[in-house]
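K.L.:
One structure, pasted below without further comment.
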Amino acid sequence: MIIPHPLLGPRDSQEFTYLGDADLIDRPDWQAENAADRFYEYLYLRDNPAGEHRELWFHEQGDRSWLVVTRDTVTHEISKVELARDVARARGRSK
Amino acid sequence: MRYSGFKVLKEALTGHKGWQPAWRDPAPKAHYDFVVVGGGGHGLATAHYLAKVFGRSSVAVLEKGWIGGGNVGRNTTIIRSNYLLDGNEPFYEFSMKLWEGLEQDFNFNAMVSQRGVLNLCHTDAQRDAFRRRGNAMRLNGVDAELLDTEGVRRMAPFLNFDSARFPIKGGLLQPRGGTVRHDAVAWGYARGADSRGVDIIQNCEVTGFRIENGKCLGVDTTRGFIGAGKVGVAVAGSSGRVMAMAGINRLPIESHVLQAFVSEGLKPLLPGVITYGAGHFYVSQSDKGGLVFGGDIDGYNSYAQRGNLPVVEDVCEGGMSLMPMIGRARLLRMWGGIMDMSMDGSPIIDRTDIDGLYFNGGWCYGGFKATPASGWCFAHLLATDRPHETATAYRFDRFRKGLMIDEKGMGAQPNLH
């Protein structure tokens, strides 16, 4: 697979390591009332769709940026690549 | 019809006119006591033991494609019970004991061949870990033998003992491990189940579950509605897709692709199954002579039954560093299968929150060796509503309670198991 990096252009997927579902950006609040339940869901439950999947890739052998890649799990076709930083900020994360 | 040496001889002399199909092709009935979704190894074994051990005959197995077309025909055929943890080892040893009597059980030649499984170690720390694992196995009554370098050399003199970057320091041998002809496992279980009245319905895809007031009443399929007292789902890589139809959208499972490879046929070469400890590479030789080998999963969520080239390179590098002569063999075929990778690397055999709906999955890429015990334990759960004594740890709620069975100690990261 070739991942079109938003800053570096097309890069071989071998340069990346894979983390998983992009929902992992939304780490629950550890002080919340239901933190135990939320962390259980965050750590262990996955949507696992056959089709479009937003997922986190880390450019370990490159610029060490985290990317959110939108990829089809049936065809492996990549339709969109964003910097995870931008996605996190768009979701209201500032730190 | 029973298979025997006499039958083979008789048919040879009478023009092979007496053979019959190994199982029927029935039309689905309106209702069964038990419906098993998924006609793979685990689903067929479940039906077989439901009928044979628990005496239930109103059983149907629904298969979207054909028997033997899924992971049961795509794996690298290895059986072993060399696990470390208490939640796993008794279960896999139960499976090994069932393998040992399987052919007599379902009267079909599955070519169970206990040639030994040898895990190589390449550092002192790894040898210590293997010693610990071997002791844990022996405490559970399983055979395990720690070999030194010379012991390994006697078994497999062709390995790279001269110039390896990671020299072979020894190995952990399970002599009762080995290989089984995987297609014959599917066919044998199908035949065994069918002969006891189980309906095996192929080309019948489940399209939905009929659930009313929290109870599962049956399944909608491409061949109409089929009512059921209890529904058991055993669909491996499709677990997420199928359970989503029942409204269970999130499971502790990701689907990943695992590739496997087979070389051209060679003369007898490998004594048994050999695994490389400094990379991820395992190899055995089929009875046709092909070297059957594989390595890591590709590492990203996938439902495509094909992988990518980086893992091909990684697997072949492992093979070359372990046994350089493999470079002279030509690759005949390579393929991929979809693995239901669970969050701790161990399976789930449990009921769901929906009454009458049961789940069997999360086998990662080790489901084949578990086929007999998985079927037996799932049948036990379906028939008695209690888990089998060797499968009590395989519960959904172990993740919530922090009771993971993490054989490799990787944490909640499915692509590392």
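Following the order of the structure tokens, chains are lettered A, B, ..., residues in each are numbered from 1, and ligands are numbered from 1.
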List the spatial neighbours of Asp23 in chain A as a list in words - criterion: any atom at most 9 Å away, only C-alpha atoms, same-chain residues fewer than 4 positions off excluded.
P.N.:
Arg27, Tyr42, Arg54, Glu55 and Leu56 of chain A
K.L.:
Excluding same-chain residues fewer than 2 positions from range 14-22 of chain A, what lies within 8 Å of it counting only C-alpha atoms, as an MDAnalysis selection string?
P.N.:
(chainID A and resid 11:12 24:25 46 53:62 68) or (chainID B and resid 299:301 310 413)
K.L.:
Given the selection you just returned, output its residues as a file containing N, CA and C atoms, formatted as a short mmCIF file (atom, residue, chain, number, x, y, z; two decimals), in the first residue's frame.
P.N.:
```cif
data_model
loop_
_atom_site.label_atom_id
_atom_site.label_comp_id
_atom_site.auth_asym_id
_atom_site.auth_seq_id
_atom_site.Cartn_x
_atom_site.Cartn_y
_atom_site.Cartn_z
N ARG A 11 4.11 7.64 0.24
CA ARG A 11 5.11 6.90 1.00
C ARG A 11 4.65 5.44 1.12
N ASP A 12 5.61 4.53 1.12
CA ASP A 12 5.31 3.11 1.28
C ASP A 12 4.78 2.84 2.70
N LEU A 24 -9.35 6.30 18.80
CA LEU A 24 -8.38 6.27 19.90
C LEU A 24 -7.86 7.67 20.21
N ILE A 25 -8.13 8.64 19.31
CA ILE A 25 -7.79 10.04 19.60
C ILE A 25 -8.58 10.54 20.81
N ARG A 46 -14.18 -2.33 19.50
CA ARG A 46 -13.88 -1.74 18.20
C ARG A 46 -15.08 -1.90 17.26
N HIS A 53 -12.88 2.83 6.82
CA HIS A 53 -12.35 2.76 8.19
C HIS A 53 -11.37 3.90 8.38
N ARG A 54 -11.58 4.70 9.44
CA ARG A 54 -10.62 5.77 9.77
C ARG A 54 -9.66 5.24 10.81
N GLU A 55 -8.38 5.36 10.53
CA GLU A 55 -7.41 4.68 11.39
C GLU A 55 -6.13 5.49 11.56
N LEU A 56 -5.42 5.21 12.63
CA LEU A 56 -4.20 5.95 12.97
C LEU A 56 -2.96 5.19 12.49
N TRP A 57 -2.15 5.87 11.71
CA TRP A 57 -0.86 5.33 11.28
C TRP A 57 0.23 6.29 11.77
N PHE A 58 1.35 5.73 12.20
CA PHE A 58 2.47 6.52 12.71
C PHE A 58 3.64 6.42 11.74
N HIS A 59 4.15 7.55 11.28
CA HIS A 59 5.22 7.53 10.27
C HIS A 59 6.56 7.34 10.97
N GLU A 60 6.77 6.14 11.47
CA GLU A 60 7.91 5.87 12.33
C GLU A 60 9.24 6.00 11.58
N GLN A 61 9.28 5.52 10.34
CA GLN A 61 10.53 5.59 9.57
C GLN A 61 10.60 6.87 8.74
N GLY A 62 9.78 7.86 9.09
CA GLY A 62 9.77 9.09 8.32
C GLY A 62 9.81 10.29 9.23
N VAL A 68 -4.26 10.33 10.23
CA VAL A 68 -5.56 9.65 10.19
C VAL A 68 -5.83 9.29 8.74
N GLY B 299 -1.12 -6.61 9.70
CA GLY B 299 -1.03 -5.61 10.75
C GLY B 299 -2.00 -4.46 10.69
N TYR B 300 -2.88 -4.43 9.70
CA TYR B 300 -3.91 -3.38 9.62
C TYR B 300 -5.25 -4.06 9.41
N ASN B 301 -6.33 -3.40 9.82
CA ASN B 301 -7.67 -3.97 9.65
C ASN B 301 -7.91 -4.31 8.18
N PRO B 310 5.16 -6.23 1.78
CA PRO B 310 6.13 -6.14 2.87
C PRO B 310 6.15 -7.37 3.78
N GLN B 413 -3.71 -4.66 21.87
CA GLN B 413 -3.24 -4.24 20.55
C GLN B 413 -3.31 -5.45 19.62
#
```
K.L.:
Give me, as a list in words, the residues of chain B touching chain A, with the criterion being at most 8 Å (counting only C-alpha atoms).
P.N.:
Gly240, Arg241, Asn249, Arg250, Leu251, Pro252, Ile253, Glu254, Ser255, Gly299, Tyr300, Asn301, Ser302, Tyr303, Ala304, Asn308, Pro310, Met343, Phe399, Arg400, Ala412 and Gln413 of chain B
K.L.:
If you run DSSP on the backbone, which residues of chain A are alpha helix (DSSP H), as a PyMOL selection string?
P.N.:
chain A and resi 35-44+84-90
K.L.:
Write out, as a compact mmCIF listing (two decimals), in the first residue's frame, the residues just selected, with N, CA and C atoms.
P.N.:
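See out-v1.txt below for the written result:
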```txt
# COMPACT_ATOMS: atom_id res chain seq x y z
N ALA A 35 -15.73 6.82 34.32
CA ALA A 35 -14.42 6.63 33.67
C ALA A 35 -14.09 5.16 33.44
N ALA A 36 -14.42 4.28 34.39
CA ALA A 36 -14.07 2.86 34.24
C ALA A 36 -14.75 2.26 33.02
N ASP A 37 -16.05 2.58 32.86
CA ASP A 37 -16.78 2.06 31.70
C ASP A 37 -16.24 2.63 30.40
N ARG A 38 -16.00 3.94 30.43
CA ARG A 38 -15.51 4.59 29.22
C ARG A 38 -14.15 4.04 28.80
N PHE A 39 -13.27 3.81 29.76
CA PHE A 39 -11.95 3.29 29.42
C PHE A 39 -12.03 1.84 28.93
N TYR A 40 -12.97 1.09 29.50
CA TYR A 40 -13.18 -0.28 28.99
C TYR A 40 -13.56 -0.24 27.51
N GLU A 41 -14.50 0.64 27.19
CA GLU A 41 -14.92 0.74 25.79
C GLU A 41 -13.79 1.27 24.91
N TYR A 42 -13.09 2.24 25.42
CA TYR A 42 -11.99 2.86 24.67
C TYR A 42 -10.88 1.85 24.37
N LEU A 43 -10.53 1.06 25.39
CA LEU A 43 -9.42 0.13 25.23
C LEU A 43 -9.78 -1.12 24.44
N TYR A 44 -10.99 -1.64 24.65
CA TYR A 44 -11.24 -3.01 24.21
C TYR A 44 -12.30 -3.19 23.13
N ALA A 84 -3.06 13.74 12.09
CA ALA A 84 -3.88 13.46 13.28
C ALA A 84 -3.99 14.70 14.16
N ARG A 85 -2.94 15.51 14.14
CA ARG A 85 -2.94 16.77 14.91
C ARG A 85 -4.14 17.64 14.51
N ASP A 86 -4.35 17.79 13.17
CA ASP A 86 -5.44 18.61 12.69
C ASP A 86 -6.79 18.02 13.09
N VAL A 87 -6.89 16.68 12.98
CA VAL A 87 -8.16 16.02 13.32
C VAL A 87 -8.46 16.24 14.80
N ALA A 88 -7.44 16.07 15.65
CA ALA A 88 -7.64 16.21 17.08
C ALA A 88 -8.06 17.64 17.42
N ARG A 89 -7.43 18.62 16.77
CA ARG A 89 -7.79 20.02 17.06
C ARG A 89 -9.21 20.32 16.60
N ALA A 90 -9.57 19.74 15.43
CA ALA A 90 -10.93 19.96 14.93
C ALA A 90 -11.95 19.37 15.88
```
K.L.:
Rounded to one decimal, what separation in Å do you get between CA of Gly237 in chain B and CA of Ala110 in chain B?
P.N.:
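Taking CA of Gly237 in chain B as the start and CA of Ala110 in chain B as the end point, the length is 24.0 Å.
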K.L.:
Mind giving me the straight-line distance from CA of Leu102 in chain B to CA of Phe130 in chain B in Å, one decimal?
P.N.:
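Interatomic distance here is 29.0 Å.
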K.L.:
Taking the DSSP secondary structure from the backbone, can you list the residues of range 171-329 of chain B that are strand (DSSP E), as number ranges by chain?
P.N.:
B: 171-174, 178-179, 199-201, 206-212, 215-221, 224-233, 253-265, 273-276, 281-285, 290-301
K.L.:
So the first atom is CA of Val231 in chain B and the second is CA of Val59 in chain B; what is the distance between them in Å, to one decimal place?
P.N.:
9.9 Å
